[in-house]
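*Asks:* Sharing a structure with you now.
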Amino acid sequence: MLEIKNLSVSVEDKNIIHDVNLTIQNGETHVLFGPNGAGKSTLLMAIMGFPKYRVTSGSISFKGNDITNLTVDERARLGIGMSFQRPPVVRGVKTRDMVAACLKGSGDGDTISKLAEKTDLNDFLERDINYGFSGGEIKRSELMQLMAQKPELTLLDEPESGVDLVNIALIGELMNDLLEKNCPIQYRKCMGLIITHTGHILDYVNARTGYVMCDGTIGCVGDPHEMLATIRERGYDECIKCYLGRVPTNE
Amino acid sequence: MSKENSARNFKDRAKAAASKTATLGEDIDLTKYVSADDEHSYQSDPSQLPAKAKKQMLSAGVVLDDASQRSGTFIQMDNTPVHSSVSQDGVEVLPVTQALEKYDWMADYWWQAVAVDQDKYTANIELNRNNGYFIRALPGQKTVFPVQACLYLAKDRLVQNVHNIIIAEENSELHIITGCTTASADEPGLHLGVSEFYIKRGAKVTFTMIHSWNPETAVRPRTAAIIEEDGLFMSNYLLMKPVRSLQMYPTARCVGENATVRYNSILVTGEGSSLDAGSRVILDARGARTEIVSRAITTGGTITARGYIEGNAPEVKGHLECRGLILGEKGIIHAIPELKGTLAGIDLSHEAAVGKIAEEEVEYLMARGLTRDEATATIVRGFLRVDIEGLPPLLSEELKRAVEASEKEVM
């Protein structure tokens, strides 16, 4: 379980996230909607533990452990993984090296080849990670690494952005795999928190709970499909106007 | 000019340049070093050399216990060749003094690529010439295994003068590994080395030089290559360990159409070191091309990383890539990429970058579960990895091992 209590986060001394509460039970996938600049990515980065995203109050606990003060790698080793929206290029570090690092010795070259085949990235293993990758290739590469890493909580920052219609189905399929969607919910352990701006990914990945974030606060909690319909119909402005002031304490 | 007159001419020019300061690099006081040394005895079986020397040589890529994967071996200790042999037909490996006696035509190559009066170091080599290697691949002969050569500084405070001649005759293929190292871990020494490469029509030479000096050694190589039509010269340089002062700017001149030159350099150094190293290529013939790639890492020393490409003929193409990484708080990297074009229709480009490891990259790897140290090491390893197209697998593996060793030095 991931439990976020009264979390406030600042970036370079500017408060971005205010008093956020959010709980994801084992096996659940939640979705975070919100306009640009709402603080969605900041929340994900803070959960992952990047030092630039400073927790000024509140706490984050994962699997019963308070992880608020743990480093990024400690959180990763506890079972949190993240698909970056715009990951950096690391020259000289091959995609294969990254997948191998994610596997932490639990697989070999054959495992890597199978993952590459599954993500349609066979030709990318010997290339520098993210160097010259298209939007879709980046997303698939992120998911390939996460499939090697096998996190219990996967944070996905706009997994569909920059992805064409052909690729989005594959991305959805990979996400379902990663989030154990094919496993009955009572046996499912993996959790997911997905940021989506457009909501397209919901056509491929089922999620139980949705949130609308604006100005660093969660303004609304509900069924993500209903929320998306409202957002599509009325836009974020209407959505925010409607729900502003109703700060939920749980789902 | 007769052999005697030509020799006198070189001596005269060298005398005139005996105190000529080099254009680049710290001026080395030659009087601080001794030039005479005790002769080392010849060793017909190099595996019988002292264990300590063999260990040092191995660290610079020179394998003496099982030379089955070498087509020839040359070893010079201080100023004395102590071994030279070949194990494949079509390749000659000799002390250069023997080659001078054996072949009258050596005058066609002697000081023809490097100027004897370039500076006081070249002059010193001519005036106090002791020895060096002569390596030649006969026409059409292709070596499978590399020839290995080792230049070993055994005596403290010695100046080692070396003059090497490398000739790849038409359509031959020659691979050379040169390892340079010292017996002492901390005593001063000076290595002066001239290397003249002649790559004839259609010939291919790969030259992999591994330097593993000590932090008190000063090094002044003077290297030039002349590449004829359809020839290929591929030079890989790896400086594995900190050295007090190194300045070199090898120059390759493509004189034949479609001649190709590739320079790859990996420079790794630490506090107290001063390096001024680069590669220069002159494209003088139609369709000639070059690629210069250098990687420099400092943990405290100063590195001037140079690169120069000059295009003087139609349809030439050149690219220069120079990247530097400063690890830790100290250290200076000064990248100086230069391009000169003298006519239309040429294609020259460069990219240069100097900086610290990007925190964003470290954190990206940490988000996959690597510790900060593991993430940093992975990025450094990637930075040093230069994929060298066309290098035989055996050499590629050896270079990879050497780079891994230098990576440990950095970390």
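Convention: chains lettered A, B, ... in structure tokens order; per-chain residue numbering from 1; ligands numbered from 1 as shown.
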Select residues of chain B: the criterion is any atom within 9 Å of an atom of chain A, counting only C-alpha atoms; output as a PyMOL selection string.

*Replies:* chain B and resi 360-361+363-372+378-386

*Asks:* Excluding region 8-25 of chain A and any residue of its chain fewer than 4 positions from it, enumerate the residues within 10 Å of it, using only C-alpha atoms, and give them as a PyMOL selection string.

*Replies:* chain A and resi 1-4+29-30+37-40+42-43+45-46+51-63+153+189-193+208-209+211+213-219+221+247-251

*Asks:* Kindly give the distance, in Å, that separates CA of Leu156 (chain A) and CA of Leu7 (chain A), rounded to a single decimal.

*Replies:* 19.4 Å

*Asks:* Applying 10 Å and only C-alpha atoms, which residues near Asn171 (chain B) remain after dropping the ones on its own chain fewer than 3 positions away? List them as a PyMOL selection string.

*Replies:* chain B and resi 137-142+168+174+199-204+230-231

*Asks:* What lies within 12 Å of Gly132 (chain B) using only C-alpha atoms, ignoring chain neighbours under 2 positions off, as an MDAnalysis selection string?

*Replies:* chainID B and resid 74:84 93:100 125:126 129:130 134:135 149:152 160:166 178 191:196

*Asks:* What residues in region 118-333 of chain B get the DSSP label strand (DSSP E or B)? Please answer as a PyMOL selection string.

*Replies:* chain B and resi 131+133-137+142+147-153+158-168+173-182+189-199+204-212+217-227+232-239+245-248+251-254+260-269+274-283+289-298+302-311+317-326+332-333

*Asks:* Residues as selected, C-alpha atoms, written as a compact mmCIF listing (two decimals), in the first residue's frame, can you do that?

*Replies:*
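Below you can see out-v3.txt, which holds the result:
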```
# COMPACT_ATOMS: atom_id res chain seq x y z
CA ASN B 131 67.12 2.91 -31.11
CA TYR B 133 61.48 -0.28 -33.86
CA PHE B 134 61.07 -0.91 -37.54
CA ILE B 135 57.86 -2.69 -38.42
CA ARG B 136 56.93 -3.44 -42.00
CA ALA B 137 54.18 -5.43 -43.66
CA LYS B 142 47.71 -9.28 -44.01
CA VAL B 147 52.67 -7.02 -33.69
CA GLN B 148 53.42 -5.90 -30.15
CA ALA B 149 56.07 -3.41 -29.16
CA CYS B 150 57.07 -2.30 -25.71
CA LEU B 151 59.10 0.74 -24.77
CA TYR B 152 60.14 0.28 -21.19
CA LEU B 153 61.81 2.82 -18.93
CA LEU B 158 66.75 8.43 -17.91
CA VAL B 159 65.80 10.04 -21.17
CA GLN B 160 64.59 7.36 -23.53
CA ASN B 161 65.12 8.34 -27.18
CA VAL B 162 63.11 6.34 -29.64
CA HIS B 163 62.75 6.58 -33.39
CA ASN B 164 60.26 4.19 -34.96
CA ILE B 165 59.50 3.57 -38.61
CA ILE B 166 56.33 1.74 -39.60
CA ILE B 167 55.67 0.84 -43.21
CA ALA B 168 52.58 -0.88 -44.57
CA GLU B 173 47.23 -5.08 -43.35
CA LEU B 174 49.11 -4.46 -40.15
CA HIS B 175 47.96 -4.28 -36.55
CA ILE B 176 50.26 -2.94 -33.88
CA ILE B 177 49.93 -2.68 -30.12
CA THR B 178 52.50 -0.51 -28.43
CA GLY B 179 52.71 -0.48 -24.68
CA CYS B 180 54.83 2.09 -22.89
CA THR B 181 55.54 1.80 -19.20
CA THR B 182 58.08 2.27 -16.43
CA GLY B 189 61.93 9.69 -16.40
CA LEU B 190 61.57 11.22 -19.85
CA HIS B 191 60.29 9.44 -22.91
CA LEU B 192 60.96 11.04 -26.28
CA GLY B 193 59.58 9.13 -29.22
CA VAL B 194 59.37 9.76 -32.92
CA SER B 195 57.09 7.49 -34.92
CA GLU B 196 56.79 7.78 -38.68
CA PHE B 197 54.04 5.81 -40.39
CA TYR B 198 53.89 5.19 -44.12
CA ILE B 199 50.65 3.64 -45.28
CA LYS B 204 45.40 -0.74 -43.60
CA VAL B 205 47.12 -0.06 -40.28
CA THR B 206 45.60 -0.12 -36.84
CA PHE B 207 47.86 1.26 -34.16
CA THR B 208 46.84 0.91 -30.55
CA MET B 209 49.08 2.69 -28.09
CA ILE B 210 48.65 2.16 -24.37
CA HIS B 211 50.53 4.46 -22.03
CA SER B 212 50.93 3.36 -18.45
CA THR B 217 57.26 10.72 -16.05
CA ALA B 218 57.37 13.34 -18.78
CA VAL B 219 56.42 12.21 -22.27
CA ARG B 220 56.90 13.88 -25.65
CA PRO B 221 55.85 11.65 -28.55
CA ARG B 222 56.20 13.07 -32.04
CA THR B 223 54.16 11.08 -34.50
CA ALA B 224 53.16 11.57 -38.11
CA ALA B 225 51.52 9.36 -40.69
CA ILE B 226 51.31 9.62 -44.46
CA ILE B 227 48.40 7.76 -46.02
CA LEU B 232 43.42 3.42 -43.80
CA PHE B 233 45.13 4.52 -40.62
CA MET B 234 43.34 3.87 -37.38
CA SER B 235 45.04 5.09 -34.25
CA ASN B 236 43.77 4.31 -30.78
CA TYR B 237 45.45 5.96 -27.86
CA LEU B 238 44.80 5.13 -24.26
CA LEU B 239 46.46 6.97 -21.41
CA SER B 245 53.53 15.97 -18.23
CA LEU B 246 52.50 14.76 -21.65
CA GLN B 247 52.31 16.74 -24.84
CA MET B 248 51.60 15.21 -28.20
CA THR B 251 49.49 14.41 -37.42
CA ALA B 252 48.14 12.31 -40.25
CA ARG B 253 48.28 13.53 -43.80
CA CYS B 254 46.00 11.95 -46.40
CA THR B 260 40.92 7.46 -44.33
CA VAL B 261 42.14 8.28 -40.84
CA ARG B 262 40.48 7.58 -37.54
CA TYR B 263 41.85 8.74 -34.23
CA ASN B 264 40.38 7.59 -30.96
CA SER B 265 41.89 8.84 -27.72
CA ILE B 266 41.02 8.09 -24.15
CA LEU B 267 42.79 10.27 -21.62
CA VAL B 268 42.43 9.60 -17.93
CA THR B 269 44.35 11.62 -15.42
CA SER B 274 49.30 18.06 -17.13
CA LEU B 275 48.24 16.73 -20.51
CA ASP B 276 48.19 18.50 -23.81
CA ALA B 277 47.07 15.92 -26.30
CA GLY B 278 45.27 15.96 -29.58
CA SER B 279 45.12 14.63 -33.08
CA ARG B 280 45.54 16.49 -36.33
CA VAL B 281 44.50 15.37 -39.80
CA ILE B 282 45.26 17.08 -43.08
CA LEU B 283 43.01 16.00 -45.92
CA ARG B 289 38.00 11.40 -44.77
CA THR B 290 38.61 11.38 -41.08
CA GLU B 291 36.95 10.99 -37.74
CA ILE B 292 38.61 12.11 -34.53
CA VAL B 293 37.04 11.06 -31.24
CA SER B 294 38.49 11.93 -27.87
CA ARG B 295 37.34 11.30 -24.33
CA ALA B 296 39.07 12.99 -21.44
CA ILE B 297 38.50 12.46 -17.73
CA THR B 298 40.26 14.33 -14.99
CA THR B 302 44.76 19.64 -16.35
CA ILE B 303 43.92 18.36 -19.82
CA THR B 304 44.13 20.35 -23.00
CA ALA B 305 42.29 18.23 -25.57
CA ARG B 306 43.03 19.39 -29.08
CA GLY B 307 41.75 18.40 -32.45
CA TYR B 308 42.42 19.82 -35.87
CA ILE B 309 41.09 18.91 -39.29
CA GLU B 310 42.15 20.70 -42.42
CA GLY B 311 40.44 20.13 -45.74
CA LYS B 317 34.87 14.90 -45.04
CA GLY B 318 35.89 15.15 -41.42
CA HIS B 319 34.28 15.07 -38.02
CA LEU B 320 35.81 15.85 -34.67
CA GLU B 321 34.22 14.84 -31.38
CA CYS B 322 35.79 15.91 -28.16
CA ARG B 323 34.16 15.23 -24.82
CA GLY B 324 35.56 15.91 -21.37
CA LEU B 325 34.39 14.92 -17.93
CA ILE B 326 35.54 16.58 -14.73
CA ILE B 332 40.57 21.56 -15.78
CA ILE B 333 39.69 20.43 -19.28
```

*Asks:* Do a neighbour search on Asp237 (chain A) at 10 Å with only C-alpha atoms, toss out local chain neighbours closer than 5 positions, and write the hits as a ChimeraX atom specification.

*Replies:* /A:34-35,214,231,242

*Asks:* Mind dumping the selected residues with N, CA and C atoms as a PDB file, in the first residue's frame?

*Replies:*
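Writing done, so here's part.pdb:
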```pdb
ATOM      1  N   GLY A  34      -5.227  16.433 -14.695  1.00  0.00           N
ATOM      2  CA  GLY A  34      -4.980  17.820 -14.306  1.00  0.00           C
ATOM      3  C   GLY A  34      -4.375  18.608 -15.432  1.00  0.00           C
ATOM      4  N   PRO A  35      -4.616  19.908 -15.442  1.00  0.00           N
ATOM      5  CA  PRO A  35      -4.042  20.739 -16.503  1.00  0.00           C
ATOM      6  C   PRO A  35      -2.525  20.852 -16.349  1.00  0.00           C
ATOM      7  N   CYS A 214      -5.272  20.380  -9.301  1.00  0.00           N
ATOM      8  CA  CYS A 214      -5.037  21.720  -9.814  1.00  0.00           C
ATOM      9  C   CYS A 214      -4.367  22.542  -8.727  1.00  0.00           C
ATOM     10  N   ILE A 231     -14.261  16.002 -18.108  1.00  0.00           N
ATOM     11  CA  ILE A 231     -13.137  16.851 -18.562  1.00  0.00           C
ATOM     12  C   ILE A 231     -13.233  17.069 -20.074  1.00  0.00           C
ATOM     13  N   CYS A 242     -16.006  23.392 -10.604  1.00  0.00           N
ATOM     14  CA  CYS A 242     -17.029  22.560  -9.972  1.00  0.00           C
ATOM     15  C   CYS A 242     -16.530  21.932  -8.674  1.00  0.00           C
TER      16      CYS A 242
END
```

*Asks:* Hey, can you check how far CA of Lys241 (chain A) sits from CA of Ile195 (chain A)?

*Replies:*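 Between CA of Lys241 (chain A) and CA of Ile195 (chain A) the gap is 20.6 Å.
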
*Asks:* Could you tell me how far CA of Asn214 (chain B) lies from CA of Glu271 (chain B), in Å and to one decimal?

*Replies:*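 Value for the CA of Asn214 (chain B)-CA of Glu271 (chain B) distance: 12.6 Å.
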
*Asks:* Can you list every residue in region 166-231 of chain A that DSSP puts in alpha helix (DSSP H), as a ChimeraX atom specification?

*Replies:* /A:166-178,224-231

*Asks:* Keeping only N, CA and C atoms, write the selected residues to a file as a PDB file, in the first residue's frame.

*Replies:*
```
ATOM      1  N   VAL A 166      -0.812   3.421 -33.239  1.00  0.00           N
ATOM      2  CA  VAL A 166      -0.399   2.020 -33.349  1.00  0.00           C
ATOM      3  C   VAL A 166       0.329   1.602 -32.077  1.00  0.00           C
ATOM      4  N   ASN A 167       1.183   2.501 -31.616  1.00  0.00           N
ATOM      5  CA  ASN A 167       2.004   2.182 -30.449  1.00  0.00           C
ATOM      6  C   ASN A 167       1.234   2.212 -29.141  1.00  0.00           C
ATOM      7  N   ILE A 168       0.180   3.001 -29.100  1.00  0.00           N
ATOM      8  CA  ILE A 168      -0.497   3.185 -27.818  1.00  0.00           C
ATOM      9  C   ILE A 168      -1.123   1.870 -27.334  1.00  0.00           C
ATOM     10  N   ALA A 169      -1.578   1.039 -28.288  1.00  0.00           N
ATOM     11  CA  ALA A 169      -2.147  -0.249 -27.900  1.00  0.00           C
ATOM     12  C   ALA A 169      -1.071  -1.125 -27.253  1.00  0.00           C
ATOM     13  N   LEU A 170       0.138  -1.085 -27.851  1.00  0.00           N
ATOM     14  CA  LEU A 170       1.239  -1.872 -27.294  1.00  0.00           C
ATOM     15  C   LEU A 170       1.621  -1.346 -25.911  1.00  0.00           C
ATOM     16  N   ILE A 171       1.672  -0.019 -25.796  1.00  0.00           N
ATOM     17  CA  ILE A 171       1.996   0.592 -24.496  1.00  0.00           C
ATOM     18  C   ILE A 171       0.972   0.131 -23.449  1.00  0.00           C
ATOM     19  N   GLY A 172      -0.305   0.154 -23.845  1.00  0.00           N
ATOM     20  CA  GLY A 172      -1.369  -0.273 -22.938  1.00  0.00           C
ATOM     21  C   GLY A 172      -1.191  -1.721 -22.514  1.00  0.00           C
ATOM     22  N   GLU A 173      -0.854  -2.546 -23.498  1.00  0.00           N
ATOM     23  CA  GLU A 173      -0.649  -3.975 -23.225  1.00  0.00           C
ATOM     24  C   GLU A 173       0.504  -4.180 -22.230  1.00  0.00           C
ATOM     25  N   LEU A 174       1.589  -3.437 -22.447  1.00  0.00           N
ATOM     26  CA  LEU A 174       2.755  -3.558 -21.571  1.00  0.00           C
ATOM     27  C   LEU A 174       2.423  -3.076 -20.159  1.00  0.00           C
ATOM     28  N   MET A 175       1.644  -1.992 -20.103  1.00  0.00           N
ATOM     29  CA  MET A 175       1.266  -1.474 -18.783  1.00  0.00           C
ATOM     30  C   MET A 175       0.388  -2.476 -18.038  1.00  0.00           C
ATOM     31  N   ASN A 176      -0.512  -3.094 -18.758  1.00  0.00           N
ATOM     32  CA  ASN A 176      -1.376  -4.101 -18.128  1.00  0.00           C
ATOM     33  C   ASN A 176      -0.553  -5.257 -17.578  1.00  0.00           C
ATOM     34  N   ASP A 177       0.473  -5.608 -18.329  1.00  0.00           N
ATOM     35  CA  ASP A 177       1.376  -6.666 -17.903  1.00  0.00           C
ATOM     36  C   ASP A 177       2.079  -6.264 -16.606  1.00  0.00           C
ATOM     37  N   LEU A 178       2.610  -5.056 -16.651  1.00  0.00           N
ATOM     38  CA  LEU A 178       3.371  -4.515 -15.520  1.00  0.00           C
ATOM     39  C   LEU A 178       2.500  -4.394 -14.263  1.00  0.00           C
ATOM     40  N   PRO A 224     -12.530   7.297 -12.704  1.00  0.00           N
ATOM     41  CA  PRO A 224     -11.725   7.995 -13.712  1.00  0.00           C
ATOM     42  C   PRO A 224     -12.426   8.147 -15.060  1.00  0.00           C
ATOM     43  N   HIS A 225     -13.237   7.157 -15.430  1.00  0.00           N
ATOM     44  CA  HIS A 225     -13.913   7.238 -16.730  1.00  0.00           C
ATOM     45  C   HIS A 225     -14.959   8.353 -16.723  1.00  0.00           C
ATOM     46  N   GLU A 226     -15.688   8.464 -15.608  1.00  0.00           N
ATOM     47  CA  GLU A 226     -16.667   9.558 -15.494  1.00  0.00           C
ATOM     48  C   GLU A 226     -15.965  10.909 -15.489  1.00  0.00           C
ATOM     49  N   MET A 227     -14.863  10.947 -14.747  1.00  0.00           N
ATOM     50  CA  MET A 227     -14.098  12.204 -14.684  1.00  0.00           C
ATOM     51  C   MET A 227     -13.633  12.617 -16.066  1.00  0.00           C
ATOM     52  N   LEU A 228     -13.123  11.637 -16.800  1.00  0.00           N
ATOM     53  CA  LEU A 228     -12.593  11.930 -18.129  1.00  0.00           C
ATOM     54  C   LEU A 228     -13.701  12.465 -19.041  1.00  0.00           C
ATOM     55  N   ALA A 229     -14.886  11.859 -18.903  1.00  0.00           N
ATOM     56  CA  ALA A 229     -16.015  12.318 -19.722  1.00  0.00           C
ATOM     57  C   ALA A 229     -16.332  13.787 -19.399  1.00  0.00           C
ATOM     58  N   THR A 230     -16.303  14.115 -18.123  1.00  0.00           N
ATOM     59  CA  THR A 230     -16.567  15.501 -17.712  1.00  0.00           C
ATOM     60  C   THR A 230     -15.489  16.434 -18.253  1.00  0.00           C
ATOM     61  N   ILE A 231     -14.261  16.002 -18.108  1.00  0.00           N
ATOM     62  CA  ILE A 231     -13.137  16.851 -18.562  1.00  0.00           C
ATOM     63  C   ILE A 231     -13.233  17.069 -20.074  1.00  0.00           C
TER      64      ILE A 231
END
```
